[in-house]
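Raw my_file.cif, mmCIF, C-alpha atoms:
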```cif
data_coords
loop_
_atom_site.label_atom_id
_atom_site.label_comp_id
_atom_site.auth_asym_id
_atom_site.auth_seq_id
_atom_site.Cartn_x
_atom_site.Cartn_y
_atom_site.Cartn_z
CA MET A 1 3.70 -8.48 10.84
CA PHE A 2 0.62 -6.44 9.95
CA ASP A 3 -2.72 -7.89 8.93
CA ASP A 4 -5.15 -6.73 6.27
CA THR A 5 -8.08 -5.89 8.49
CA ARG A 6 -7.07 -2.40 9.54
CA PRO A 7 -4.83 0.45 8.43
CA ILE A 8 -1.19 -0.10 9.33
CA PHE A 9 -0.93 3.11 11.33
CA LEU A 10 -3.63 1.85 13.71
CA GLN A 11 -1.87 -1.47 14.08
CA LEU A 12 1.40 0.33 14.72
CA ALA A 13 -0.21 2.55 17.37
CA ASP A 14 -1.64 -0.55 19.05
CA ARG A 15 1.68 -2.25 19.00
CA ILE A 16 3.51 0.67 20.63
CA ALA A 17 0.71 0.98 23.18
CA ASP A 18 1.18 -2.72 23.86
CA ASP A 19 4.90 -2.17 24.41
CA VAL A 20 4.13 0.63 26.86
CA LEU A 21 1.65 -1.60 28.69
CA ARG A 22 4.23 -4.37 28.97
CA GLY A 23 6.86 -1.96 30.20
CA ILE A 24 9.13 -2.24 27.17
CA TYR A 25 8.98 1.54 27.06
CA ASN A 26 8.66 3.12 30.46
CA GLU A 27 6.97 6.39 31.22
CA GLU A 28 9.18 9.37 30.35
CA GLU A 29 11.26 7.13 28.13
CA GLN A 30 11.88 8.05 24.48
CA VAL A 31 10.24 5.92 21.78
CA PRO A 32 11.75 5.43 18.29
CA SER A 33 11.34 8.25 15.80
CA THR A 34 9.15 8.17 12.72
CA ASN A 35 12.09 7.40 10.45
CA GLU A 36 13.49 4.77 12.79
CA LEU A 37 10.14 3.01 12.92
CA ALA A 38 9.71 3.29 9.16
CA ALA A 39 13.14 1.82 8.46
CA HIS A 40 12.86 -0.85 11.16
CA LEU A 41 9.40 -2.05 10.12
CA ARG A 42 9.92 -1.28 6.43
CA ILE A 43 6.85 0.93 6.26
CA ASN A 44 6.15 4.28 4.70
CA PRO A 45 7.35 7.10 7.00
CA ALA A 46 3.98 8.87 6.67
CA THR A 47 2.30 5.74 8.02
CA ALA A 48 4.73 5.58 10.93
CA GLY A 49 4.14 9.28 11.60
CA LYS A 50 0.40 8.78 11.66
CA GLY A 51 0.76 5.96 14.17
CA LEU A 52 2.81 8.13 16.51
CA ALA A 53 0.49 11.13 16.03
CA ARG A 54 -2.44 8.97 17.06
CA LEU A 55 -0.71 8.05 20.32
CA VAL A 56 0.03 11.73 20.95
CA ASP A 57 -3.67 12.50 20.42
CA GLN A 58 -4.58 9.78 22.89
CA GLY A 59 -2.19 11.15 25.49
CA VAL A 60 0.03 8.06 25.44
CA LEU A 61 3.01 9.92 23.98
CA TYR A 62 4.08 13.52 24.08
CA LYS A 63 6.45 15.50 21.96
CA ARG A 64 9.57 17.24 23.23
CA ARG A 65 10.39 19.80 20.65
CA GLY A 66 13.57 19.02 18.78
CA ILE A 67 14.22 15.85 20.74
CA GLY A 68 11.49 13.35 19.96
CA MET A 69 8.54 11.44 21.33
CA PHE A 70 8.29 10.27 24.93
CA VAL A 71 5.90 8.08 26.88
CA ALA A 72 3.57 10.31 28.85
CA PRO A 73 3.26 9.95 32.60
CA GLY A 74 0.16 7.89 33.36
CA ALA A 75 0.23 6.29 29.90
CA ARG A 76 0.12 2.73 31.20
CA ALA A 77 -2.94 3.35 33.32
CA LEU A 78 -4.57 5.10 30.38
CA ILE A 79 -3.98 2.18 28.01
CA ALA A 80 -5.02 -0.41 30.59
CA GLU A 81 -8.24 1.45 31.24
CA GLU A 82 -9.05 1.59 27.55
CA ARG A 83 -8.24 -2.07 27.01
CA GLN A 84 -10.38 -3.07 29.98
CA ARG A 85 -13.30 -1.27 28.38
CA ASP A 86 -12.82 -3.30 25.19
CA PHE A 87 -12.13 -6.55 27.00
CA ALA A 88 -15.69 -7.86 27.09
CA GLU A 89 -16.27 -7.13 23.43
CA ARG A 90 -12.96 -8.43 22.18
CA TYR A 91 -12.55 -11.54 24.30
CA ILE A 92 -15.66 -12.44 26.27
CA ALA A 93 -18.20 -12.09 23.48
CA PRO A 94 -16.40 -14.50 21.08
CA LEU A 95 -15.77 -16.86 24.00
CA VAL A 96 -19.46 -16.98 24.87
CA ALA A 97 -20.43 -17.38 21.20
CA GLU A 98 -18.07 -20.33 20.74
CA ALA A 99 -19.28 -21.92 23.99
CA ARG A 100 -22.89 -21.69 22.80
CA LYS A 101 -21.94 -23.36 19.53
CA LEU A 102 -20.37 -26.24 21.46
CA GLY A 103 -23.36 -26.56 23.77
CA LEU A 104 -21.52 -25.38 26.90
CA ASP A 105 -23.69 -23.46 29.31
CA THR A 106 -22.69 -20.53 31.49
CA SER A 107 -21.75 -22.65 34.50
CA ASP A 108 -19.50 -24.82 32.29
CA LEU A 109 -17.88 -21.68 31.05
CA VAL A 110 -17.29 -20.27 34.53
CA ARG A 111 -15.78 -23.55 35.64
CA LEU A 112 -13.44 -23.62 32.64
CA VAL A 113 -12.33 -20.04 33.23
CA GLU A 114 -11.64 -20.75 36.91
CA THR A 115 -9.60 -23.86 36.08
CA GLU A 116 -7.56 -21.99 33.47
CA ALA A 117 -7.00 -19.01 35.75
CA ALA A 118 -5.84 -21.28 38.60
CA ALA A 119 -3.39 -23.03 36.27
CA SER A 120 -1.99 -19.74 35.07
CA VAL A 121 -1.51 -18.46 38.64
CA LYS A 122 0.26 -21.71 39.54
CA GLU A 123 2.53 -21.39 36.53
CA ALA A 124 3.38 -17.81 37.39
CA THR A 125 4.31 -18.65 40.98
CA SER A 126 6.22 -21.87 40.30
CA MET B 1 -1.58 20.54 3.28
CA THR B 2 -0.93 18.47 0.23
CA THR B 3 0.24 19.97 -3.02
CA THR B 4 -0.15 18.43 -6.42
CA ALA B 5 3.01 17.34 -8.20
CA ILE B 6 1.33 16.05 -11.33
CA GLU B 7 -2.05 16.89 -12.73
CA THR B 8 -3.69 15.15 -15.67
CA ARG B 9 -7.01 16.12 -17.22
CA GLY B 10 -8.85 14.01 -19.76
CA LEU B 11 -5.57 12.31 -20.53
CA THR B 12 -5.99 9.83 -23.35
CA ARG B 13 -3.49 7.88 -25.43
CA SER B 14 -4.70 5.60 -28.17
CA TYR B 15 -2.71 3.20 -30.27
CA ARG B 16 -4.39 2.42 -33.57
CA GLY B 17 -7.71 3.55 -32.21
CA GLN B 18 -7.39 1.45 -29.05
CA PRO B 19 -7.13 3.58 -25.90
CA ALA B 20 -4.25 2.52 -23.63
CA ILE B 21 -5.14 5.36 -21.27
CA ALA B 22 -8.61 6.86 -21.40
CA ASP B 23 -9.79 10.11 -19.86
CA VAL B 24 -7.49 9.97 -16.86
CA ASN B 25 -7.89 12.76 -14.31
CA LEU B 26 -5.30 12.57 -11.57
CA ASP B 27 -3.82 14.82 -8.95
CA ILE B 28 -0.72 13.02 -7.79
CA HIS B 29 0.43 14.29 -4.42
CA GLU B 30 3.81 15.88 -4.04
CA GLY B 31 6.32 14.27 -1.71
CA VAL B 32 4.41 11.02 -1.48
CA ILE B 33 5.23 7.45 -2.50
CA THR B 34 2.37 6.42 -4.76
CA GLY B 35 1.89 2.88 -6.06
CA LEU B 36 0.62 2.40 -9.59
CA LEU B 37 -1.28 -0.85 -9.63
CA GLY B 38 -3.27 -2.86 -12.14
CA ARG B 39 -3.02 -5.78 -14.48
CA ASN B 40 -0.66 -5.98 -17.42
CA GLY B 41 -2.03 -3.74 -20.12
CA ALA B 42 -3.91 -1.55 -17.64
CA GLY B 43 -1.93 1.48 -18.85
CA LYS B 44 0.67 1.93 -16.12
CA THR B 45 3.71 2.26 -18.36
CA THR B 46 1.81 4.42 -20.85
CA LEU B 47 0.79 6.80 -18.07
CA MET B 48 4.38 7.14 -16.85
CA SER B 49 5.69 7.61 -20.39
CA LEU B 50 3.17 10.38 -21.01
CA ILE B 51 3.96 12.25 -17.81
CA THR B 52 7.69 12.11 -18.48
CA ALA B 53 7.15 13.35 -22.05
CA GLN B 54 8.54 10.19 -23.61
CA ASP B 55 5.22 9.82 -25.39
CA ARG B 56 2.54 12.28 -26.47
CA PRO B 57 -1.12 12.12 -25.52
CA THR B 58 -3.84 11.68 -28.12
CA SER B 59 -5.84 14.20 -26.14
CA GLY B 60 -5.97 15.76 -22.70
CA SER B 61 -3.38 17.59 -20.68
CA ILE B 62 -0.53 17.01 -18.24
CA ARG B 63 0.86 19.54 -15.83
CA VAL B 64 3.99 18.98 -13.81
CA ALA B 65 4.60 21.78 -11.33
CA GLY B 66 1.90 23.62 -13.26
CA ARG B 67 3.53 23.30 -16.68
CA GLU B 68 3.30 21.06 -19.71
CA PRO B 69 6.42 18.83 -19.56
CA PHE B 70 6.69 18.20 -23.28
CA GLU B 71 7.54 21.82 -23.98
CA HIS B 72 9.79 22.50 -21.01
CA ALA B 73 13.19 20.90 -20.73
CA ASP B 74 13.58 22.15 -17.16
CA VAL B 75 10.39 20.32 -16.17
CA ILE B 76 11.64 17.12 -17.79
CA GLU B 77 14.92 17.56 -15.96
CA ARG B 78 13.03 17.36 -12.66
CA MET B 79 11.87 13.85 -13.49
CA CYS B 80 13.56 10.48 -13.67
CA PHE B 81 11.81 7.49 -15.24
CA VAL B 82 13.38 4.10 -14.64
CA ARG B 83 11.90 1.83 -17.27
CA ASP B 84 11.76 -1.90 -16.74
CA ASN B 85 13.26 -2.38 -20.20
CA GLN B 86 15.65 0.58 -20.19
CA ARG B 87 18.03 0.39 -23.17
CA TYR B 88 21.67 1.44 -23.06
CA PRO B 89 24.10 2.07 -25.91
CA ASP B 90 25.86 -1.10 -27.10
CA ASP B 91 29.30 -0.37 -25.67
CA TYR B 92 28.12 0.98 -22.29
CA LYS B 93 29.60 -0.44 -19.14
CA LEU B 94 28.45 0.45 -15.64
CA LYS B 95 30.76 3.48 -15.45
CA HIS B 96 29.39 4.91 -18.70
CA ALA B 97 25.80 4.60 -17.52
CA ILE B 98 26.74 6.31 -14.26
CA ARG B 99 28.68 9.05 -16.04
CA ALA B 100 25.73 9.79 -18.33
CA ALA B 101 23.32 9.88 -15.40
CA ARG B 102 25.58 12.26 -13.49
CA ILE B 103 25.32 14.70 -16.40
CA CYS B 104 21.55 14.23 -16.85
CA TYR B 105 20.41 14.65 -13.27
CA PRO B 106 21.17 17.94 -11.55
CA ASN B 107 20.70 16.49 -8.03
CA TRP B 108 22.81 13.40 -8.69
CA SER B 109 24.41 11.84 -5.59
CA GLN B 110 27.54 9.86 -6.39
CA GLU B 111 27.67 8.72 -2.79
CA VAL B 112 24.26 7.06 -3.09
CA ALA B 113 25.24 5.52 -6.42
CA ASP B 114 28.47 4.10 -4.99
CA ARG B 115 26.74 2.65 -1.96
CA LEU B 116 23.99 1.01 -4.02
CA ILE B 117 26.41 -0.41 -6.60
CA ARG B 118 28.27 -2.02 -3.72
CA LEU B 119 25.12 -3.33 -2.02
CA PHE B 120 23.69 -4.73 -5.25
CA ARG B 121 27.11 -6.06 -6.30
CA ILE B 122 26.73 -4.70 -9.81
CA PRO B 123 29.66 -5.83 -11.97
CA THR B 124 31.94 -3.18 -13.46
CA LYS B 125 33.58 -5.20 -16.23
CA PRO B 126 30.87 -6.49 -18.58
CA ILE B 127 28.90 -4.27 -20.91
CA VAL B 128 25.42 -3.45 -19.68
CA LYS B 129 23.93 -5.36 -22.61
CA LYS B 130 25.28 -8.56 -21.06
CA PHE B 131 23.70 -7.83 -17.68
CA SER B 132 21.22 -10.31 -16.25
CA ARG B 133 17.64 -9.20 -15.67
CA GLY B 134 18.37 -8.66 -11.98
CA GLN B 135 21.53 -6.66 -12.67
CA LEU B 136 19.63 -4.42 -15.10
CA SER B 137 16.95 -3.81 -12.49
CA ALA B 138 19.61 -3.05 -9.89
CA LEU B 139 21.25 -0.54 -12.23
CA GLY B 140 17.86 1.10 -12.81
CA ILE B 141 17.35 1.42 -9.06
CA VAL B 142 20.81 2.96 -8.66
CA LEU B 143 20.02 5.56 -11.32
CA GLY B 144 16.56 6.25 -9.93
CA LEU B 145 17.59 6.74 -6.32
CA ALA B 146 20.92 8.46 -6.94
CA SER B 147 19.25 10.90 -9.36
CA ARG B 148 17.44 12.42 -6.37
CA SER B 149 14.99 13.76 -8.93
CA PRO B 150 12.06 15.64 -7.41
CA ILE B 151 9.78 13.21 -9.28
CA THR B 152 10.99 9.65 -9.77
CA PHE B 153 9.17 6.85 -11.57
CA PHE B 154 10.01 3.19 -11.22
CA ASP B 155 8.37 0.74 -13.60
CA GLU B 156 8.37 -2.68 -11.94
CA PRO B 157 11.81 -2.05 -10.47
CA TYR B 158 12.12 -5.49 -8.85
CA LEU B 159 12.15 -7.67 -11.99
CA GLY B 160 14.70 -10.46 -11.63
CA LEU B 161 15.87 -9.30 -8.20
CA ASP B 162 16.31 -11.95 -5.54
CA ALA B 163 14.74 -11.52 -2.11
CA THR B 164 17.90 -10.00 -0.62
CA ALA B 165 18.21 -7.45 -3.40
CA ARG B 166 14.53 -6.53 -3.16
CA ASN B 167 14.92 -5.87 0.55
CA ILE B 168 17.95 -3.72 -0.19
CA PHE B 169 15.79 -1.76 -2.61
CA TYR B 170 13.00 -1.29 -0.06
CA ASP B 171 15.43 -0.23 2.67
CA GLU B 172 17.32 2.17 0.44
CA LEU B 173 14.12 3.61 -1.00
CA LEU B 174 12.83 4.39 2.49
CA ARG B 175 16.18 5.73 3.60
CA GLU B 176 16.55 8.02 0.60
CA TYR B 177 12.93 9.11 0.87
CA ALA B 178 13.32 9.90 4.56
CA GLU B 179 16.50 11.89 4.01
CA HIS B 180 15.43 13.58 0.79
CA PRO B 181 11.65 13.52 0.50
CA ARG B 182 10.44 13.50 -3.08
CA THR B 183 7.55 12.36 -5.23
CA ILE B 184 7.90 8.69 -6.08
CA ILE B 185 5.57 6.76 -8.34
CA LEU B 186 6.21 3.08 -8.73
CA SER B 187 4.34 0.39 -10.59
CA THR B 188 4.30 -3.05 -9.07
CA HIS B 189 2.64 -6.43 -9.13
CA LEU B 190 4.32 -7.45 -5.86
CA ILE B 191 1.61 -5.74 -3.89
CA ASP B 192 1.64 -7.95 -0.80
CA GLU B 193 5.35 -7.33 -0.49
CA MET B 194 5.36 -3.61 -1.20
CA ASP B 195 2.06 -2.16 0.01
CA GLN B 196 3.63 -1.10 3.30
CA LEU B 197 6.02 1.17 1.45
CA LEU B 198 3.21 3.12 -0.17
CA GLU B 199 1.26 6.05 1.13
CA ARG B 200 -1.17 6.32 -1.75
CA VAL B 201 -2.33 4.03 -4.48
CA ILE B 202 -3.65 4.44 -8.01
CA ILE B 203 -5.46 1.41 -9.38
CA LEU B 204 -5.78 1.32 -13.16
CA ASP B 205 -8.00 -1.03 -15.08
CA ARG B 206 -8.19 -1.02 -18.86
CA GLY B 207 -6.78 2.47 -19.10
CA ARG B 208 -9.01 4.03 -16.47
CA VAL B 209 -8.43 5.05 -12.90
CA VAL B 210 -10.70 2.96 -10.70
CA ARG B 211 -9.26 4.06 -7.35
CA HIS B 212 -6.89 6.77 -6.19
CA GLU B 213 -6.68 6.85 -2.43
CA GLY B 214 -4.47 6.55 0.60
CA VAL B 215 -3.57 2.95 1.43
CA ASP B 216 -5.13 3.48 4.84
CA GLU B 217 -8.49 4.21 3.25
CA LEU B 218 -8.21 1.11 1.09
CA ARG B 219 -7.47 -1.23 3.98
CA GLY B 220 -10.79 -2.52 5.19
CA ALA B 221 -12.57 -0.72 2.33
CA ALA B 222 -13.61 -4.02 0.79
CA TYR B 223 -14.18 -7.54 2.02
CA GLN B 224 -14.42 -11.06 0.71
CA VAL B 225 -17.44 -13.18 1.38
CA ALA B 226 -17.62 -16.89 0.65
CA GLY B 227 -20.03 -19.73 1.15
CA ARG B 228 -22.94 -21.48 -0.51
CA ALA B 229 -24.00 -19.81 -3.74
CA THR B 230 -27.62 -19.26 -2.74
CA ALA B 231 -26.76 -17.55 0.55
CA LEU B 232 -24.04 -15.58 -1.25
CA GLU B 233 -26.47 -14.27 -3.88
CA GLU B 234 -28.77 -13.16 -1.10
CA HIS B 235 -25.94 -11.32 0.62
CA LEU B 236 -24.74 -9.63 -2.58
CA ARG B 237 -28.11 -8.17 -3.44
CA GLY B 238 -27.80 -4.40 -3.61
CA ARG B 239 -24.07 -4.39 -2.91
CA ALA B 240 -21.17 -3.21 -5.05
CA VAL B 241 -19.63 -6.47 -6.21
CA LEU B 242 -16.09 -6.07 -7.54
CA SER B 243 -15.51 -9.65 -8.57
CA ARG B 244 -17.00 -13.04 -8.05
CA ARG B 245 -16.39 -16.61 -8.94
CA SER B 246 -18.27 -19.77 -8.27
CA ILE B 247 -17.54 -23.45 -8.40
CA GLY B 248 -20.57 -25.70 -8.27
CA GLY B 249 -22.73 -24.63 -5.37
CA LEU B 250 -19.99 -22.57 -3.74
CA GLY B 251 -19.08 -19.00 -4.44
CA THR B 252 -16.71 -16.22 -3.46
CA ALA B 253 -17.12 -12.50 -4.05
CA VAL B 254 -15.22 -9.35 -3.28
CA VAL B 255 -17.52 -6.56 -2.20
CA ASN B 256 -16.67 -2.88 -2.14
CA GLY B 257 -17.51 -1.27 1.17
CA ALA B 258 -16.74 -1.75 4.83
CA VAL B 259 -18.37 -4.56 6.77
CA THR B 260 -20.78 -3.44 9.48
CA ALA B 261 -21.37 -5.45 12.62
CA GLU B 262 -24.86 -6.17 11.32
CA ASP B 263 -23.51 -7.52 8.00
CA ARG B 264 -21.19 -9.75 9.91
CA GLU B 265 -23.95 -11.15 12.07
CA LEU B 266 -26.27 -11.74 9.12
CA ALA B 267 -23.50 -13.41 7.15
CA GLN B 268 -22.61 -15.63 10.06
CA ASP B 269 -26.21 -16.71 10.44
CA ALA B 270 -26.31 -17.50 6.72
CA GLY B 271 -23.17 -19.61 7.01
CA LEU B 272 -21.05 -17.16 5.03
CA ASP B 273 -17.42 -16.42 5.79
CA ILE B 274 -16.34 -12.80 5.75
CA THR B 275 -12.62 -12.16 5.50
CA PRO B 276 -10.55 -9.03 4.98
CA VAL B 277 -9.22 -8.23 1.54
CA SER B 278 -5.58 -7.34 1.06
CA LEU B 279 -4.64 -4.58 -1.35
CA GLN B 280 -3.36 -7.29 -3.69
CA ASP B 281 -6.74 -9.06 -3.59
CA LEU B 282 -8.50 -5.76 -4.17
CA VAL B 283 -6.41 -5.01 -7.25
CA ALA B 284 -6.97 -8.56 -8.49
CA ALA B 285 -10.71 -8.10 -7.98
CA TYR B 286 -10.73 -4.95 -10.07
CA GLY B 287 -8.73 -6.76 -12.71
CA LEU B 288 -11.12 -9.67 -12.79
CA GLY B 289 -14.31 -7.64 -12.84
CA VAL B 290 -17.85 -8.92 -12.82
CA GLU B 291 -18.76 -8.93 -16.48
CA ASP B 292 -18.33 -12.68 -16.76
CA ALA B 293 -20.57 -13.31 -13.81
CA ASP B 294 -24.29 -13.69 -14.00
CA LEU B 295 -25.74 -10.37 -12.92
CA GLY B 296 -29.15 -11.05 -14.45
CA ASP B 297 -30.92 -10.21 -11.22
CA GLY B 298 -29.70 -6.64 -11.45
CA GLY B 299 -28.60 -7.00 -7.85
CA ALA B 300 -25.14 -5.56 -8.13
CA ASP B 301 -24.93 -1.88 -7.57
CA PRO B 302 -22.98 -0.27 -10.41
CA GLY B 303 -21.85 2.41 -7.98
CA PRO B 304 -19.12 4.92 -8.61
CA SER B 305 -16.42 2.43 -7.80
CA ALA B 306 -17.60 -0.34 -10.08
CA PRO B 307 -14.66 -1.19 -12.30
CA GLY B 308 -14.22 0.60 -15.55
CA THR B 309 -17.34 2.66 -15.31
CA ARG B 310 -15.69 6.00 -15.00
CA THR B 311 -12.54 7.68 -13.96
CA ARG B 312 -12.66 8.32 -10.32
CA GLU B 313 -10.61 10.65 -8.27
CA ARG B 314 -11.01 10.62 -4.56
CA SER B 315 -8.63 12.43 -2.34
CA ALA B 316 -8.04 11.61 1.26
CA ALA B 317 -7.94 14.53 3.61
#
```

Structure rendered as structure tokens:
Amino acid sequence: MFDDTRPIFLQLADRIADDVLRGIYNEEEQVPSTNELAAHLRINPATAGKGLARLVDQGVLYKRRGIGMFVAPGARALIAEERQRDFAERYIAPLVAEARKLGLDTSDLVRLVETEAAASVKEATS
Amino acid sequence: MTTTAIETRGLTRSYRGQPAIADVNLDIHEGVITGLLGRNGAGKTTLMSLITAQDRPTSGSIRVAGREPFEHADVIERMCFVRDNQRYPDDYKLKHAIRAARICYPNWSQEVADRLIRLFRIPTKPIVKKFSRGQLSALGIVLGLASRSPITFFDEPYLGLDATARNIFYDELLREYAEHPRTIILSTHLIDEMDQLLERVIILDRGRVVRHEGVDELRGAAYQVAGRATALEEHLRGRAVLSRRSIGGLGTAVVNGAVTAEDRELAQDAGLDITPVSLQDLVAAYGLGVEDADLGDGGADPGPSAPGTRTRERSAA
């Protein structure tokens, strides 16, 4: 469920951000509490708390005193913007590196991306 | 702010001149679940026995809530130590063990005990001496959690438990901890399975503390590098090598320190594979050490975290 590359609280924060991005939690909707997350994921409550606190710091969640944590208005746009910034580094750079290894040039790569994108659009509309 | 539940200074316990625990300086955080990790014989049980005043140090000091436990019954009363080989009187059945615990532990919760006995399906009829390994462990967990002691020690609490029972333990531990926060120290070899439950970790090796940190700091704090021995040697030059092994022309090493983007690039160019190290691998690396490896080139950095060089205490903010 979690990998060994990064602290769990960061992975948890990413996962909740992902859920917000996908609309599993809508803006102004309550997210699970620290103890609920800890029990559900079988992780230390301090770790779960740190994950939530990180999202509060980033403006993705906000706290309503005595009630819990809620998704902040504008959170989706915020996460999408951040992910777009990382997109090239996380996805394009390894893609280009692998293509080079296989001897594909840039035009090959563009063609492959276009074909794949067209297929995915077709799948989505069918 | 973190407060210290247990403080040890220069703590040493020798058996026939052989130190089981040597010069241990620890500040164990209050209200935190701390994992006590290390190979068999690393000193985990000795450390827990000393803190709970079931054994006396050869030298050094222990403070629990600022006081020496050995001389204060009320300090001892605040602690519960579930041994992996806990002994019970010959004629004890489950109810006798529970009755005794209820008297011993001022915060005892019968409700918790009843629930856990039911979940673990601990038998009421046979004497405890006839219990299976798993049933004994389950009983220990019942006593440890239901004691609601401000400081609770579990020594390999999972021995003989099946997967279902271990998950019950993890769930109930987290539930109890969430509802009644307390200081919990547990020794384990099932690190891959239990590391998520921990907030902090103490790694012991041959009686010395080699790491004491938050699990978050330890994740990504070391990496494994593998490939052809010549390229590997080149990469390891000047780095803190925790363990290494080689087979023919191939080698693998665990290196202390985070991987930089530059390291990664260089390693890739040299045909080396860099992979993350789990907490379990890290503990195994400390347990393996480098003394058997050829370090003739003086390349390995015997930095502060090299195994067994000195007791190290590093606190996370």

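The interface of chain A with chain B at 7 Å, considering only C-alpha atoms, consists of Asp4, Thr5, Arg6, Pro7, Ile8, Asn35, Ala39, Arg42, Ile43, Asn44, Ala46 and Thr47 of chain A.
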
To one decimal place, how far is atom CA of Gly289 of chain B from atom CA of Ile184 of chain B in Å?
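Taking atom CA of Gly289 of chain B and atom CA of Ile184 of chain B, their separation equals 28.4 Å.
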
note - atom CA of Tyr286 of chain B and atom CA of Thr46 of chain B are separated by 19.0 Å

Starting from the shown file, work through the PyMOL selection byres ((chain B and resi 88-105) around 10) and note down what comes out as an mmCIF file with C-alpha atoms, keeping the file's coordinate frame.
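Writing done, so here's expr24.cif:
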```cif
data_model
loop_
_atom_site.group_PDB
_atom_site.id
_atom_site.type_symbol
_atom_site.label_atom_id
_atom_site.label_comp_id
_atom_site.auth_asym_id
_atom_site.auth_seq_id
_atom_site.Cartn_x
_atom_site.Cartn_y
_atom_site.Cartn_z
ATOM 1 C CA GLU B 77 14.920 17.560 -15.960
ATOM 2 C CA ARG B 78 13.030 17.360 -12.660
ATOM 3 C CA MET B 79 11.870 13.850 -13.490
ATOM 4 C CA CYS B 80 13.560 10.480 -13.670
ATOM 5 C CA ASN B 85 13.260 -2.380 -20.200
ATOM 6 C CA GLN B 86 15.650 0.580 -20.190
ATOM 7 C CA ARG B 87 18.030 0.390 -23.170
ATOM 8 C CA PRO B 106 21.170 17.940 -11.550
ATOM 9 C CA ASN B 107 20.700 16.490 -8.030
ATOM 10 C CA TRP B 108 22.810 13.400 -8.690
ATOM 11 C CA SER B 109 24.410 11.840 -5.590
ATOM 12 C CA GLN B 110 27.540 9.860 -6.390
ATOM 13 C CA ALA B 113 25.240 5.520 -6.420
ATOM 14 C CA ASP B 114 28.470 4.100 -4.990
ATOM 15 C CA ILE B 117 26.410 -0.410 -6.600
ATOM 16 C CA ILE B 122 26.730 -4.700 -9.810
ATOM 17 C CA PRO B 123 29.660 -5.830 -11.970
ATOM 18 C CA THR B 124 31.940 -3.180 -13.460
ATOM 19 C CA LYS B 125 33.580 -5.200 -16.230
ATOM 20 C CA PRO B 126 30.870 -6.490 -18.580
ATOM 21 C CA ILE B 127 28.900 -4.270 -20.910
ATOM 22 C CA VAL B 128 25.420 -3.450 -19.680
ATOM 23 C CA LYS B 129 23.930 -5.360 -22.610
ATOM 24 C CA LYS B 130 25.280 -8.560 -21.060
ATOM 25 C CA PHE B 131 23.700 -7.830 -17.680
ATOM 26 C CA LEU B 139 21.250 -0.540 -12.230
ATOM 27 C CA GLY B 140 17.860 1.100 -12.810
ATOM 28 C CA VAL B 142 20.810 2.960 -8.660
ATOM 29 C CA LEU B 143 20.020 5.560 -11.320
ATOM 30 C CA GLY B 144 16.560 6.250 -9.930
ATOM 31 C CA ALA B 146 20.920 8.460 -6.940
ATOM 32 C CA SER B 147 19.250 10.900 -9.360
ATOM 33 C CA ARG B 148 17.440 12.420 -6.370
ATOM 34 C CA SER B 149 14.990 13.760 -8.930
#
```

Could you check how far atom CA of Ser132 of chain B sits from atom CA of Gly38 of chain B, in Å to one decimal?
25.9 Å

Taking all atoms listed in the file into account, which of A:Val121, A:Val110, A:Leu55, A:Ala77 comes nearest Gly23 of chain A?
A:Ala77

Please check which residues have atoms at most 12 Å from (3.2, 8.9, -17.0) in the file's coordinates, counting all atoms listed in the file, and write them as a short mmCIF file (atom, residue, chain, number, x, y, z; two decimals) with C-alpha atoms, in the frame of the given file.
```cif
data_model
loop_
_atom_site.label_atom_id
_atom_site.label_comp_id
_atom_site.auth_asym_id
_atom_site.auth_seq_id
_atom_site.Cartn_x
_atom_site.Cartn_y
_atom_site.Cartn_z
CA ILE B 6 1.33 16.05 -11.33
CA GLU B 7 -2.05 16.89 -12.73
CA THR B 8 -3.69 15.15 -15.67
CA LEU B 11 -5.57 12.31 -20.53
CA THR B 12 -5.99 9.83 -23.35
CA ARG B 13 -3.49 7.88 -25.43
CA ALA B 20 -4.25 2.52 -23.63
CA ILE B 21 -5.14 5.36 -21.27
CA VAL B 24 -7.49 9.97 -16.86
CA LEU B 26 -5.30 12.57 -11.57
CA ILE B 28 -0.72 13.02 -7.79
CA LEU B 36 0.62 2.40 -9.59
CA GLY B 43 -1.93 1.48 -18.85
CA LYS B 44 0.67 1.93 -16.12
CA THR B 45 3.71 2.26 -18.36
CA THR B 46 1.81 4.42 -20.85
CA LEU B 47 0.79 6.80 -18.07
CA MET B 48 4.38 7.14 -16.85
CA SER B 49 5.69 7.61 -20.39
CA LEU B 50 3.17 10.38 -21.01
CA ILE B 51 3.96 12.25 -17.81
CA THR B 52 7.69 12.11 -18.48
CA ALA B 53 7.15 13.35 -22.05
CA GLN B 54 8.54 10.19 -23.61
CA ASP B 55 5.22 9.82 -25.39
CA ARG B 56 2.54 12.28 -26.47
CA PRO B 57 -1.12 12.12 -25.52
CA SER B 61 -3.38 17.59 -20.68
CA ILE B 62 -0.53 17.01 -18.24
CA ARG B 63 0.86 19.54 -15.83
CA VAL B 64 3.99 18.98 -13.81
CA PRO B 69 6.42 18.83 -19.56
CA PHE B 70 6.69 18.20 -23.28
CA ILE B 76 11.64 17.12 -17.79
CA MET B 79 11.87 13.85 -13.49
CA CYS B 80 13.56 10.48 -13.67
CA PHE B 81 11.81 7.49 -15.24
CA VAL B 82 13.38 4.10 -14.64
CA ARG B 83 11.90 1.83 -17.27
CA ILE B 151 9.78 13.21 -9.28
CA THR B 152 10.99 9.65 -9.77
CA PHE B 153 9.17 6.85 -11.57
CA PHE B 154 10.01 3.19 -11.22
CA ASP B 155 8.37 0.74 -13.60
CA ILE B 184 7.90 8.69 -6.08
CA ILE B 185 5.57 6.76 -8.34
CA LEU B 186 6.21 3.08 -8.73
CA SER B 187 4.34 0.39 -10.59
#
```
